[in-house]
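Reproduced below: data-v7.cif, with mmCIF, C-alpha atoms.
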```cif
data_final
#
loop_
_atom_site.label_atom_id
_atom_site.label_comp_id
_atom_site.auth_asym_id
_atom_site.auth_seq_id
_atom_site.Cartn_x
_atom_site.Cartn_y
_atom_site.Cartn_z
CA MET A 482 85.90 81.50 130.62
CA THR A 483 85.65 77.90 129.45
CA ASP A 484 86.09 74.83 131.54
CA LEU A 485 89.13 72.74 130.82
CA VAL A 486 88.06 69.10 130.81
CA LEU A 487 90.92 66.99 132.04
CA PRO A 488 91.07 63.24 131.56
CA ALA A 489 90.03 61.18 134.55
CA ALA A 490 92.55 60.66 137.32
CA TYR A 491 94.18 57.27 137.78
CA ARG A 492 93.06 55.01 140.58
CA ARG A 493 95.52 54.74 143.41
CA ASP A 494 96.95 51.27 143.94
CA ASP A 495 99.48 51.83 146.72
CA ALA A 496 98.39 48.71 148.63
CA VAL A 497 99.47 46.47 145.76
CA HIS A 498 103.10 47.56 145.92
CA PRO A 499 105.80 46.61 148.43
CA PRO A 500 106.36 48.90 151.41
CA LEU A 501 109.50 50.88 150.65
CA LEU A 502 110.96 49.85 153.98
CA SER A 503 111.12 46.06 153.77
CA PRO A 504 113.98 45.17 156.14
CA GLY A 505 114.26 41.62 154.82
CA TYR A 506 115.72 43.28 151.74
CA GLY A 507 118.67 44.97 153.39
CA SER A 508 119.21 47.72 150.81
CA THR A 509 115.86 49.27 151.69
CA VAL A 510 116.99 50.19 155.19
CA LEU A 511 119.06 53.24 154.24
CA ARG A 512 117.22 54.09 151.05
CA ALA A 513 113.53 54.01 151.92
CA PRO A 514 112.25 57.50 152.78
CA SER A 515 111.36 57.69 156.46
CA ARG A 516 108.47 60.13 156.08
CA PRO A 517 105.15 59.29 154.49
CA PRO A 518 104.69 60.70 151.00
CA LEU A 519 102.39 63.67 150.50
CA LEU A 520 99.28 63.02 148.46
CA LEU A 521 99.57 64.71 145.06
CA PRO A 522 96.43 65.49 143.07
CA HIS A 523 96.66 64.39 139.45
CA THR A 524 97.28 67.47 137.33
CA LEU A 525 98.08 67.41 133.62
CA THR A 526 101.68 66.70 134.55
CA GLU A 527 100.67 63.39 136.08
CA LEU A 528 97.91 62.62 133.56
CA THR A 529 100.26 62.78 130.59
CA GLY A 530 103.53 61.00 129.97
CA PRO A 531 106.25 60.44 127.42
CA ALA A 532 105.52 58.70 124.14
CA LEU A 533 108.80 56.96 123.53
CA GLY A 534 110.22 54.41 121.20
CA GLU A 535 109.30 55.53 117.69
CA GLY A 536 112.62 55.59 115.87
CA ARG A 537 114.34 54.29 118.98
CA VAL A 538 113.40 50.62 118.85
CA THR A 539 114.02 48.15 116.04
CA GLU A 540 112.57 44.69 115.61
CA ALA A 541 115.97 43.19 116.36
CA ASP A 542 115.90 44.77 119.82
CA ALA A 543 113.26 42.24 120.85
CA ASP A 544 115.70 39.35 120.37
CA LEU A 545 118.20 39.10 123.22
CA THR A 546 119.98 36.17 121.61
CA ILE A 547 121.20 37.75 118.39
CA PRO A 548 125.00 37.47 118.08
CA ASP A 549 126.55 40.94 118.20
CA GLY A 550 123.03 42.31 118.51
CA GLY A 551 121.05 43.90 121.24
CA THR A 552 121.00 47.51 122.21
CA ASP A 553 124.09 48.01 124.32
CA GLY A 554 126.80 47.15 121.84
CA GLY A 555 127.14 43.58 123.06
CA THR A 556 130.65 42.32 122.61
CA GLY A 557 129.70 39.01 121.07
CA GLY A 558 131.99 37.74 118.37
CA GLY A 559 131.31 35.55 115.39
CA THR A 560 128.10 33.75 114.69
CA GLY A 561 127.55 31.54 117.72
CA GLU A 562 124.31 31.07 119.60
CA ALA A 563 123.43 32.17 123.09
CA GLN A 564 123.71 29.36 125.62
CA GLY A 565 120.73 28.02 127.52
CA GLN A 566 117.06 27.32 127.11
CA ARG A 567 115.64 29.50 124.35
CA ILE A 568 112.27 30.99 125.30
CA VAL A 569 109.64 33.31 123.93
CA VAL A 570 108.22 35.78 126.47
CA THR A 571 105.05 37.45 125.31
CA GLY A 572 101.99 39.14 126.70
CA ARG A 573 99.99 42.31 126.79
CA VAL A 574 100.30 45.61 128.59
CA LEU A 575 96.85 46.44 129.96
CA ASP A 576 95.37 49.10 132.18
CA GLY A 577 93.41 48.32 135.31
CA ASP A 578 90.19 48.26 133.31
CA GLY A 579 91.49 45.58 130.98
CA ARG A 580 92.13 47.94 128.08
CA PRO A 581 95.28 47.31 126.06
CA VAL A 582 97.99 49.97 126.17
CA PRO A 583 99.18 50.24 122.57
CA HIS A 584 102.51 51.54 121.26
CA THR A 585 104.15 51.79 124.66
CA LEU A 586 107.80 51.11 125.32
CA VAL A 587 108.74 47.90 127.14
CA GLU A 588 112.35 47.47 128.22
CA VAL A 589 113.77 44.26 129.68
CA TRP A 590 117.05 43.12 131.15
CA GLN A 591 118.19 39.92 132.76
CA ALA A 592 121.00 37.58 133.73
CA ASN A 593 122.17 34.95 131.27
CA ALA A 594 121.53 31.22 131.59
CA ALA A 595 124.33 30.92 134.13
CA GLY A 596 122.90 33.68 136.32
CA ARG A 597 125.37 36.42 135.34
CA TYR A 598 124.61 39.96 134.19
CA ARG A 599 126.72 41.76 131.64
CA HIS A 600 127.55 44.47 134.16
CA ARG A 601 130.90 45.52 135.59
CA TRP A 602 129.64 45.14 139.15
CA ASP A 603 128.38 41.58 138.75
CA GLN A 604 131.09 39.47 140.36
CA HIS A 605 129.18 36.19 140.41
CA ASP A 606 131.58 33.37 139.57
CA ALA A 607 129.65 32.24 136.52
CA PRO A 608 130.51 32.66 132.85
CA LEU A 609 129.49 35.58 130.68
CA ASP A 610 128.00 34.59 127.35
CA PRO A 611 129.48 36.46 124.37
CA HIS A 612 126.25 35.84 122.45
CA PHE A 613 123.85 37.20 124.99
CA THR A 614 123.43 40.85 125.90
CA GLY A 615 120.59 40.39 128.36
CA VAL A 616 118.95 43.61 127.14
CA GLY A 617 115.82 44.01 125.01
CA ARG A 618 113.31 46.64 123.93
CA ALA A 619 109.98 46.54 122.16
CA LEU A 620 106.92 48.64 121.52
CA THR A 621 103.54 47.08 122.16
CA ASP A 622 101.41 46.72 119.05
CA ALA A 623 97.91 48.15 118.54
CA HIS A 624 96.56 45.44 120.87
CA GLY A 625 99.06 46.11 123.63
CA ARG A 626 101.05 42.99 122.77
CA TYR A 627 104.82 42.57 123.04
CA ARG A 628 107.08 39.61 122.32
CA PHE A 629 110.69 38.90 123.22
CA VAL A 630 112.99 36.04 122.28
CA THR A 631 115.51 35.32 124.99
CA ILE A 632 117.17 32.69 127.15
CA ARG A 633 115.69 31.48 130.39
CA PRO A 634 117.77 33.33 133.01
CA GLY A 635 119.58 31.46 135.75
CA ALA A 636 119.16 32.01 139.46
CA TYR A 637 122.08 33.73 141.12
CA PRO A 638 123.46 34.31 144.60
CA TRP A 639 123.45 37.76 146.18
CA GLY A 640 124.79 39.23 149.39
CA ASN A 641 121.55 40.07 151.16
CA HIS A 642 121.79 37.28 153.74
CA ALA A 643 123.53 33.93 154.18
CA ASN A 644 123.13 31.67 151.16
CA ALA A 645 120.76 34.10 149.47
CA TRP A 646 119.63 33.33 145.89
CA ARG A 647 117.38 35.35 143.63
CA PRO A 648 114.73 33.32 141.84
CA ALA A 649 115.13 33.50 138.07
CA HIS A 650 113.59 36.71 136.80
CA ILE A 651 113.44 39.21 133.96
CA HIS A 652 113.30 42.93 134.79
CA PHE A 653 110.51 44.82 133.00
CA SER A 654 110.22 48.59 132.62
CA VAL A 655 106.94 49.91 131.21
CA PHE A 656 105.74 53.47 130.60
CA GLY A 657 102.05 53.21 129.84
CA ARG A 658 100.11 56.29 128.80
CA ALA A 659 100.72 58.58 131.75
CA PHE A 660 103.36 59.45 134.31
CA THR A 661 101.11 57.82 136.92
CA GLN A 662 101.30 54.47 135.12
CA ARG A 663 105.09 54.14 135.02
CA LEU A 664 106.07 50.73 136.37
CA VAL A 665 109.23 48.72 136.87
CA THR A 666 108.74 45.14 137.94
CA GLN A 667 110.21 41.65 137.65
CA MET A 668 108.76 38.66 135.85
CA TYR A 669 109.25 35.31 137.53
CA PHE A 670 108.85 31.73 136.33
CA PRO A 671 106.22 29.25 137.51
CA GLU A 672 106.83 27.13 140.61
CA ASP A 673 110.28 28.46 141.41
CA PRO A 674 111.47 26.77 144.62
CA LEU A 675 113.30 29.97 145.61
CA PHE A 676 110.12 32.05 146.01
CA ALA A 677 109.78 31.13 149.66
CA PHE A 678 113.24 32.48 150.45
CA ASP A 679 113.28 35.69 148.43
CA PRO A 680 112.64 38.95 150.30
CA ILE A 681 112.13 40.92 147.09
CA PHE A 682 109.38 38.67 145.74
CA ASN A 683 107.83 38.47 149.21
CA SER A 684 107.99 42.24 149.76
CA VAL A 685 104.66 42.38 147.95
CA PRO A 686 102.27 42.09 150.88
CA ASP A 687 99.34 40.40 149.16
CA PRO A 688 100.03 36.78 148.13
CA ALA A 689 97.51 37.09 145.31
CA ALA A 690 99.34 40.13 143.96
CA ARG A 691 102.62 38.20 144.05
CA GLN A 692 101.10 35.67 141.70
CA ARG A 693 100.62 38.43 139.13
CA MET A 694 104.42 38.69 138.82
CA ILE A 695 104.72 35.03 137.78
CA SER A 696 104.60 34.19 134.11
CA ARG A 697 102.61 31.25 132.82
CA PHE A 698 103.99 28.46 130.68
CA ASP A 699 102.06 28.75 127.42
CA MET A 700 102.20 25.84 125.01
CA ALA A 701 100.58 28.00 122.34
CA GLU A 702 103.55 30.38 122.39
CA THR A 703 106.20 27.68 122.06
CA VAL A 704 107.93 27.43 118.72
CA GLU A 705 108.15 23.81 117.64
CA GLY A 706 111.68 22.49 117.68
CA TRP A 707 113.07 25.82 118.80
CA ALA A 708 111.76 27.60 121.93
CA LEU A 709 109.45 27.28 124.93
CA GLY A 710 106.79 29.93 125.52
CA TYR A 711 105.88 32.00 128.57
CA ALA A 712 103.01 34.47 128.84
CA PHE A 713 103.20 37.54 131.06
CA ASP A 714 100.59 40.29 131.09
CA ILE A 715 101.43 43.55 132.83
CA VAL A 716 98.53 45.48 134.33
CA LEU A 717 98.99 49.22 134.89
CA ARG A 718 96.66 51.50 136.82
CA GLY A 719 93.17 52.18 135.53
CA ARG A 720 91.24 55.42 135.63
CA GLU A 721 88.59 56.83 137.89
CA ALA A 722 85.13 56.85 136.39
CA THR A 723 84.64 60.56 135.86
CA PRO A 724 86.74 63.20 134.14
CA MET A 725 87.75 66.18 136.20
CA GLU A 726 86.52 69.62 135.18
CA THR A 727 88.48 72.61 136.25
CA PRO A 728 87.82 76.21 135.35
CA SER A 729 90.52 77.61 133.15
CA MET B 225 90.45 52.87 146.00
CA THR B 226 92.79 49.97 145.53
CA ASP B 227 92.88 48.42 142.11
CA PRO B 228 93.05 44.70 142.79
CA GLY B 229 94.49 43.81 139.45
CA THR B 230 97.63 45.83 138.92
CA THR B 231 101.06 44.28 138.67
CA PRO B 232 103.20 45.02 141.74
CA SER B 233 106.38 47.05 141.50
CA GLN B 234 109.81 45.52 142.11
CA THR B 235 113.23 47.11 142.44
CA VAL B 236 115.28 47.93 139.35
CA GLY B 237 118.14 46.17 141.13
CA PRO B 238 121.82 47.06 140.83
CA PHE B 239 122.21 46.32 137.12
CA LEU B 240 119.68 48.70 135.58
CA SER B 241 122.46 50.47 133.71
CA ILE B 242 122.82 47.66 131.17
CA ALA B 243 119.35 48.47 129.87
CA LEU B 244 117.80 51.76 130.84
CA PRO B 245 120.28 54.52 129.98
CA TRP B 246 120.10 55.95 126.47
CA ASP B 247 122.85 57.99 124.84
CA ASP B 248 120.48 60.95 124.50
CA GLY B 249 118.53 60.18 127.67
CA PRO B 250 119.77 63.19 129.63
CA ASP B 251 118.98 65.56 126.73
CA VAL B 252 115.36 66.63 126.98
CA VAL B 253 116.50 69.28 124.51
CA PRO B 254 119.61 69.51 122.30
CA GLU B 255 122.56 71.47 123.64
CA ALA B 256 122.08 74.46 121.32
CA THR B 257 118.47 75.07 122.40
CA PRO B 258 117.85 78.66 123.54
CA GLY B 259 117.21 78.71 127.27
CA ALA B 260 118.67 75.24 127.82
CA VAL B 261 119.73 74.63 131.41
CA VAL B 262 121.23 71.67 133.22
CA VAL B 263 119.37 70.37 136.26
CA HIS B 264 121.82 68.29 138.23
CA GLY B 265 122.55 66.97 141.67
CA VAL B 266 123.51 64.04 143.81
CA VAL B 267 121.34 61.25 145.18
CA THR B 268 122.19 60.26 148.75
CA ASP B 269 120.96 57.67 151.23
CA GLY B 270 120.17 57.85 154.94
CA ASP B 271 123.88 57.96 155.79
CA GLY B 272 124.48 60.75 153.32
CA ALA B 273 126.36 58.32 151.09
CA PRO B 274 125.98 58.73 147.33
CA VAL B 275 123.70 56.27 145.54
CA PRO B 276 125.60 55.10 142.46
CA ASP B 277 122.92 52.78 141.11
CA ALA B 278 119.91 55.04 140.77
CA LEU B 279 118.06 56.28 137.71
CA ILE B 280 116.42 59.70 137.53
CA GLU B 281 113.57 60.30 135.10
CA THR B 282 111.92 63.67 134.46
CA TRP B 283 108.68 64.62 132.72
CA GLN B 284 107.55 68.14 131.99
CA ALA B 285 105.60 70.57 129.83
CA ASP B 286 107.20 72.60 127.05
CA PRO B 287 108.05 76.30 127.49
CA ASP B 288 104.42 77.15 126.67
CA GLY B 289 103.15 74.80 129.36
CA ARG B 290 101.86 72.22 126.85
CA PHE B 291 102.32 68.48 126.80
CA ASP B 292 102.83 66.69 123.51
CA HIS B 293 100.24 64.09 124.54
CA PRO B 294 96.71 63.22 123.38
CA ASP B 295 95.28 63.76 126.86
CA ASP B 296 96.28 67.42 126.99
CA PRO B 297 92.92 69.00 126.05
CA ARG B 298 94.67 72.17 124.90
CA GLY B 299 96.46 70.31 122.14
CA PRO B 300 100.21 70.18 121.56
CA GLY B 301 102.45 73.22 121.29
CA PRO B 302 103.85 74.38 117.95
CA VAL B 303 107.06 72.37 118.22
CA PRO B 304 107.29 68.65 119.10
CA PHE B 305 108.67 68.31 122.60
CA ARG B 306 109.87 65.05 124.12
CA GLY B 307 109.48 66.35 127.65
CA PHE B 308 111.28 63.32 129.05
CA GLY B 309 114.74 63.02 130.54
CA ARG B 310 116.53 60.00 131.91
CA CYS B 311 119.93 59.78 133.56
CA PRO B 312 121.57 57.07 135.66
CA THR B 313 123.65 58.25 138.60
CA ASP B 314 127.40 57.89 138.27
CA ASP B 315 129.80 56.36 140.78
CA ASP B 316 129.48 59.52 142.89
CA GLY B 317 125.69 59.46 142.85
CA ARG B 318 125.46 62.35 140.39
CA TYR B 319 122.96 62.92 137.58
CA ALA B 320 122.40 65.73 135.11
CA ILE B 321 119.50 66.49 132.75
CA ARG B 322 119.60 69.16 130.06
CA THR B 323 116.24 70.79 129.58
CA VAL B 324 114.33 74.06 129.37
CA LYS B 325 112.11 75.51 132.04
CA PRO B 326 108.50 74.47 131.46
CA GLY B 327 105.69 77.00 131.16
CA PRO B 328 102.69 77.13 133.47
CA VAL B 329 100.45 74.06 133.63
CA PRO B 330 96.93 74.23 135.06
CA GLY B 331 96.73 72.77 138.53
CA PRO B 332 94.11 72.20 141.20
CA GLY B 333 91.06 74.36 140.55
CA GLY B 334 92.52 75.52 137.25
CA ALA B 335 95.05 77.83 138.89
CA PRO B 336 98.38 77.82 137.06
CA GLN B 337 101.12 75.82 138.70
CA ALA B 338 104.63 77.10 139.18
CA PRO B 339 107.10 75.68 136.64
CA HIS B 340 108.02 72.17 137.71
CA LEU B 341 109.43 68.85 136.56
CA ALA B 342 107.90 65.57 137.66
CA VAL B 343 110.66 63.24 138.86
CA SER B 344 110.84 59.48 139.34
CA VAL B 345 113.74 57.94 141.25
CA PHE B 346 114.52 54.28 140.79
CA ALA B 347 117.33 52.45 142.57
CA ARG B 348 118.54 49.23 144.05
CA GLY B 349 116.87 49.19 147.45
CA LEU B 350 113.80 51.07 146.20
CA LEU B 351 111.06 48.48 145.77
CA HIS B 352 108.91 51.09 144.08
CA ARG B 353 109.94 54.34 142.43
CA VAL B 354 109.73 57.44 144.59
CA VAL B 355 108.22 60.55 143.02
CA THR B 356 109.16 64.15 143.66
CA ARG B 357 109.05 67.49 141.82
CA VAL B 358 111.70 70.01 140.86
CA TYR B 359 110.58 73.62 141.34
CA PHE B 360 112.87 76.55 140.66
CA ALA B 361 113.99 78.78 143.54
CA ASP B 362 114.19 81.82 141.23
CA GLU B 363 110.44 81.61 140.49
CA ALA B 364 109.54 83.06 143.86
CA ALA B 365 106.24 84.65 142.84
CA ALA B 366 104.96 81.60 140.98
CA ASN B 367 106.11 79.31 143.79
CA ALA B 368 104.34 81.46 146.40
CA ALA B 369 101.07 81.07 144.48
CA ASP B 370 101.42 77.33 143.82
CA LEU B 371 98.74 75.27 145.56
CA ILE B 372 100.75 72.09 145.63
CA LEU B 373 103.78 73.78 147.17
CA ALA B 374 101.41 75.43 149.64
CA GLY B 375 100.41 71.95 150.81
CA VAL B 376 104.01 71.06 151.63
CA PRO B 377 105.07 71.86 155.20
CA ALA B 378 106.98 75.15 155.05
CA ASP B 379 110.06 73.72 156.75
CA ARG B 380 110.40 71.05 154.04
CA ARG B 381 109.54 73.12 150.98
CA ALA B 382 113.16 73.99 150.25
CA THR B 383 113.88 70.33 149.43
CA LEU B 384 111.81 70.85 146.25
CA LEU B 385 113.60 73.99 145.07
CA ALA B 386 116.39 73.78 142.53
CA THR B 387 118.90 76.55 143.10
CA ARG B 388 120.94 78.43 140.51
CA ASP B 389 124.60 77.53 140.22
CA GLU B 390 127.33 77.74 137.62
CA ARG B 391 126.02 74.70 135.68
CA GLY B 392 122.34 75.57 135.78
CA TYR B 393 120.21 74.36 138.66
CA ARG B 394 121.25 72.20 141.55
CA PHE B 395 118.69 69.69 142.83
CA ASP B 396 119.93 67.07 145.28
CA ILE B 397 117.76 64.13 146.24
CA ARG B 398 118.06 62.88 149.80
CA LEU B 399 116.21 59.59 150.07
CA GLN B 400 116.19 59.48 153.85
CA GLY B 401 117.12 61.52 156.90
CA ASP B 402 116.46 64.82 158.63
CA ASP B 403 116.57 66.84 155.43
CA GLU B 404 114.85 64.16 153.39
CA THR B 405 113.42 65.28 150.05
CA VAL B 406 109.64 65.59 149.95
CA PHE B 407 108.17 62.67 148.04
CA PHE B 408 104.65 62.46 146.69
CA ALA B 409 102.11 59.67 146.50
CA ILE B 410 100.51 59.82 143.09
#
```
Could the structure of this file be written out as structure tokens, please?
Amino acid sequence: MTDLVLPAAYRRDDAVHPPLLSPGYGSTVLRAPSRPPLLLPHTLTELTGPALGEGRVTEADADLTIPDGGTDGGTGGGTGEAQGQRIVVTGRVLDGDGRPVPHTLVEVWQANAAGRYRHRWDQHDAPLDPHFTGVGRALTDAHGRYRFVTIRPGAYPWGNHANAWRPAHIHFSVFGRAFTQRLVTQMYFPEDPLFAFDPIFNSVPDPAARQRMISRFDMAETVEGWALGYAFDIVLRGREATPMETPS
Amino acid sequence: MTDPGTTPSQTVGPFLSIALPWDDGPDVVPEATPGAVVVHGVVTDGDGAPVPDALIETWQADPDGRFDHPDDPRGPGPVPFRGFGRCPTDDDGRYAIRTVKPGPVPGPGGAPQAPHLAVSVFARGLLHRVVTRVYFADEAAANAADLILAGVPADRRATLLATRDERGYRFDIRLQGDDETVFFAI
């Protein structure tokens, strides 16, 4: 009988994330489980994860401003340009030990410059942009780096409380290497005056952790005469020091 | 141990369906695959109301119990296997994933686990995904020997069991309430 050497487990990081019940964000009240979760040891199911994106993502998918482009069959017509401030959003996907996560799928979605999503339920009285899908996909390169071209999203009102506005943000979905590393988050922009009023941003208990959701203006990533640059690194969970050995 | 450096989770919000669904997302395997079954159900909230803006993701071993992943020390199975399913809920809170039952995967202490799917649930109102597992009610012997199921209070274990029906297996996800689904901290 040989021992099966499993990869090391992933470090738990529950304290970093928002409590599921965060009553300031009204939708959590009926959706947050009321019982504490049961601790699950990391078996091979949790230590592995899907390798997605090869053959599924094209270079064009990283540009949310392409007329008639994007990944959801955007209904843009003609050859016009997306409205708003053109920006480059770039950064690395890292694990908690600072190692890049290469070739992992990054998916983004966002409102347009006016603060409107291309979604049938978005009733915000702001214009849709026929040249902006608000949807992008990319694979990180060998160094864990991704890069999107998009439009700076607008803030928008929502029904959570009186005169509620979401700070401008871009939704990010990242897979990482293992099921344990799966993360969906939101990227914010520096010095947004709406931070203080937003229960979703503030659901993260640690103020220092909140800062990790805010992108950084990066002059080096601007494209002269064309686009501003923002840098946003995403840090997924790291591993425990020692591999686990189990008899097999 | 808390990792001080990780990026916090945020909700997918109500508009995830412009970005995350794929045409072939619900098809872990193509329709003609021998042994293909549909795992389906409804996601409900604490009032029992359907959740129409959730996303279900599944991850699993192949029928031999292998993962097509570099960290599986046993190496991949003979046939490439995506192992991943993804389906948004519809207006009635329903999802459906077409897959095959996974084989046994080593678990705690090396003992084989009962066939299972790892499940992530994302939704507006969920600030972080919730994680559960689909086990199969018709695997009674394997389930009885499963160490992870054994750690689930007996009166809640049934929330993790998918039951046979005319479409395949029914697995409802109740986010909150007396018969709340068991969720796991991973």
With chain B as the partner and 6 Å as the cut-off, tabulate the residues of chain A that qualify, each row holding the nearest pair of atoms and their distance in Å to one decimal, using all atoms listed in the file, sorted by chain and rising number, as JSON lines.
```
{"residue": "A:Arg493", "atom": "CA", "partner": "B:Thr226", "partner_atom": "CA", "distance": 5.9}
{"residue": "A:Asp494", "atom": "CA", "partner": "B:Thr226", "partner_atom": "CA", "distance": 4.6}
{"residue": "A:Val497", "atom": "CA", "partner": "B:Pro232", "partner_atom": "CA", "distance": 5.7}
{"residue": "A:His498", "atom": "CA", "partner": "B:Pro232", "partner_atom": "CA", "distance": 4.9}
{"residue": "A:Leu501", "atom": "CA", "partner": "B:Leu351", "partner_atom": "CA", "distance": 5.7}
{"residue": "A:Ser508", "atom": "CA", "partner": "B:Gly349", "partner_atom": "CA", "distance": 4.4}
{"residue": "A:Thr509", "atom": "CA", "partner": "B:Gly349", "partner_atom": "CA", "distance": 4.4}
{"residue": "A:Leu511", "atom": "CA", "partner": "B:Gly270", "partner_atom": "CA", "distance": 4.8}
{"residue": "A:Arg512", "atom": "CA", "partner": "B:Asp269", "partner_atom": "CA", "distance": 5.2}
{"residue": "A:Pro514", "atom": "CA", "partner": "B:Gln400", "partner_atom": "CA", "distance": 4.5}
{"residue": "A:Ser515", "atom": "CA", "partner": "B:Gln400", "partner_atom": "CA", "distance": 5.8}
{"residue": "A:Pro518", "atom": "CA", "partner": "B:Phe408", "partner_atom": "CA", "distance": 4.7}
{"residue": "A:Leu519", "atom": "CA", "partner": "B:Phe408", "partner_atom": "CA", "distance": 4.6}
{"residue": "A:Leu520", "atom": "CA", "partner": "B:Ala409", "partner_atom": "CA", "distance": 4.8}
{"residue": "A:Leu521", "atom": "CA", "partner": "B:Ile410", "partner_atom": "CA", "distance": 5.4}
{"residue": "A:Thr524", "atom": "CA", "partner": "B:Gly331", "partner_atom": "CA", "distance": 5.5}
{"residue": "A:Trp590", "atom": "CA", "partner": "B:Ala243", "partner_atom": "CA", "distance": 6.0}
{"residue": "A:Val616", "atom": "CA", "partner": "B:Ala243", "partner_atom": "CA", "distance": 5.6}
{"residue": "A:Val665", "atom": "CA", "partner": "B:Ser233", "partner_atom": "CA", "distance": 5.7}
{"residue": "A:Thr666", "atom": "CA", "partner": "B:Gln234", "partner_atom": "CA", "distance": 4.3}
{"residue": "A:Gln667", "atom": "CA", "partner": "B:Gln234", "partner_atom": "CA", "distance": 5.9}
{"residue": "A:Arg693", "atom": "CA", "partner": "B:Thr231", "partner_atom": "CA", "distance": 5.9}
{"residue": "A:Ile715", "atom": "CA", "partner": "B:Thr231", "partner_atom": "CA", "distance": 5.9}
{"residue": "A:Val716", "atom": "CA", "partner": "B:Thr230", "partner_atom": "CA", "distance": 4.7}
{"residue": "A:Leu717", "atom": "CA", "partner": "B:Thr230", "partner_atom": "CA", "distance": 5.4}
{"residue": "A:Thr727", "atom": "CA", "partner": "B:Gly334", "partner_atom": "CA", "distance": 5.1}
{"residue": "A:Pro728", "atom": "CA", "partner": "B:Gly334", "partner_atom": "CA", "distance": 5.1}
{"residue": "A:Ser729", "atom": "CA", "partner": "B:Gly334", "partner_atom": "CA", "distance": 5.0}
```
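Our summary of the geometry notes that CA of Ala364 in chain B is positioned 23.3 Å from CA of Ala320 in chain B.
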Kindly resolve the PyMOL selection byres ((chain A and resi 506) around 10) on the present coordinates and return the residues as a ChimeraX atom specification. /A:501-505,507-510,641-642,679-684 /B:349-351
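With distances taken over all atoms listed in the file, A:Pro522 is the one residue among A:Pro517, A:Gly530, A:Pro522, A:Pro583 lying closest to Leu371 in chain B.
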Selection under test: the PyMOL selection byres ((chain A and resi 629) around 6); residues as a ChimeraX atom specification: /A:543-544,569-570,628,630
For the residues selected in the previous step, produce a file with C-alpha atoms as a PDB file, in the frame of the given file.
```pdb
ATOM      1  CA  ALA A 543     113.260  42.240 120.850  1.00  0.00           C
ATOM      2  CA  ASP A 544     115.700  39.350 120.370  1.00  0.00           C
ATOM      3  CA  VAL A 569     109.640  33.310 123.930  1.00  0.00           C
ATOM      4  CA  VAL A 570     108.220  35.780 126.470  1.00  0.00           C
ATOM      5  CA  ARG A 628     107.080  39.610 122.320  1.00  0.00           C
ATOM      6  CA  VAL A 630     112.990  36.040 122.280  1.00  0.00           C
TER       7      VAL A 630
END
```
So how far away is CA of Ala496 in chain A from CA of Arg720 in chain A, in Å?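 One can read the CA of Arg720 in chain A to CA of Ala496 in chain A distance as 16.3 Å.
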Please evaluate the PyMOL selection byres ((chain A and resi 608) around 10) against the displayed coordinates and give the resulting residues as a list of chain:residue names.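 Listing what the PyMOL selection byres ((chain A and resi 608) around 10) selects in the shown file: A:Asn593, A:Ala594, A:Ala595, A:Gly596, A:Arg597, A:Tyr598, A:Arg599, A:His605, A:Asp606, A:Ala607, A:Leu609, A:Asp610, A:Pro611.
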In Å, with one decimal, what is the gap from CA of Arg381 in chain B to CA of Asn367 in chain B?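 These atoms are spaced 10.1 Å apart.
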Could you check the closest approach to Asp314 in chain B for each of B:Ala382, B:Leu373, B:Ala368, B:Val267 and tell me which residue wins, using only C-alpha atoms?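 Comparing B:Ala382, B:Leu373, B:Ala368, B:Val267 against Asp314 in chain B, the winner is B:Val267.
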Would you kindly return, as a VMD selection string, each protein, DNA or RNA residue with an atom no farther than 12 Å from any atom of Pro258 in chain B, considering all atoms listed in the file and excluding same-chain residues fewer than 5 positions away? chain B and resid 253 287 322 to 325
Quick one: everything within 12 Å of Asp622 in chain A, counting only C-alpha atoms, minus sequence neighbours fewer than 3 positions away in the same chain. Send it as a PyMOL selection string. chain A and resi 534-535+540+571-575+581-587+619+625-628
Just C-alpha atoms for this one: save the residues we selected as a PDB file, in the coordinates of the input.
```pdb
ATOM      1  CA  GLY A 534     110.220  54.410 121.200  1.00  0.00           C
ATOM      2  CA  GLU A 535     109.300  55.530 117.690  1.00  0.00           C
ATOM      3  CA  GLU A 540     112.570  44.690 115.610  1.00  0.00           C
ATOM      4  CA  THR A 571     105.050  37.450 125.310  1.00  0.00           C
ATOM      5  CA  GLY A 572     101.990  39.140 126.700  1.00  0.00           C
ATOM      6  CA  ARG A 573      99.990  42.310 126.790  1.00  0.00           C
ATOM      7  CA  VAL A 574     100.300  45.610 128.590  1.00  0.00           C
ATOM      8  CA  LEU A 575      96.850  46.440 129.960  1.00  0.00           C
ATOM      9  CA  PRO A 581      95.280  47.310 126.060  1.00  0.00           C
ATOM     10  CA  VAL A 582      97.990  49.970 126.170  1.00  0.00           C
ATOM     11  CA  PRO A 583      99.180  50.240 122.570  1.00  0.00           C
ATOM     12  CA  HIS A 584     102.510  51.540 121.260  1.00  0.00           C
ATOM     13  CA  THR A 585     104.150  51.790 124.660  1.00  0.00           C
ATOM     14  CA  LEU A 586     107.800  51.110 125.320  1.00  0.00           C
ATOM     15  CA  VAL A 587     108.740  47.900 127.140  1.00  0.00           C
ATOM     16  CA  ALA A 619     109.980  46.540 122.160  1.00  0.00           C
ATOM     17  CA  GLY A 625      99.060  46.110 123.630  1.00  0.00           C
ATOM     18  CA  ARG A 626     101.050  42.990 122.770  1.00  0.00           C
ATOM     19  CA  TYR A 627     104.820  42.570 123.040  1.00  0.00           C
ATOM     20  CA  ARG A 628     107.080  39.610 122.320  1.00  0.00           C
TER      21      ARG A 628
END
```
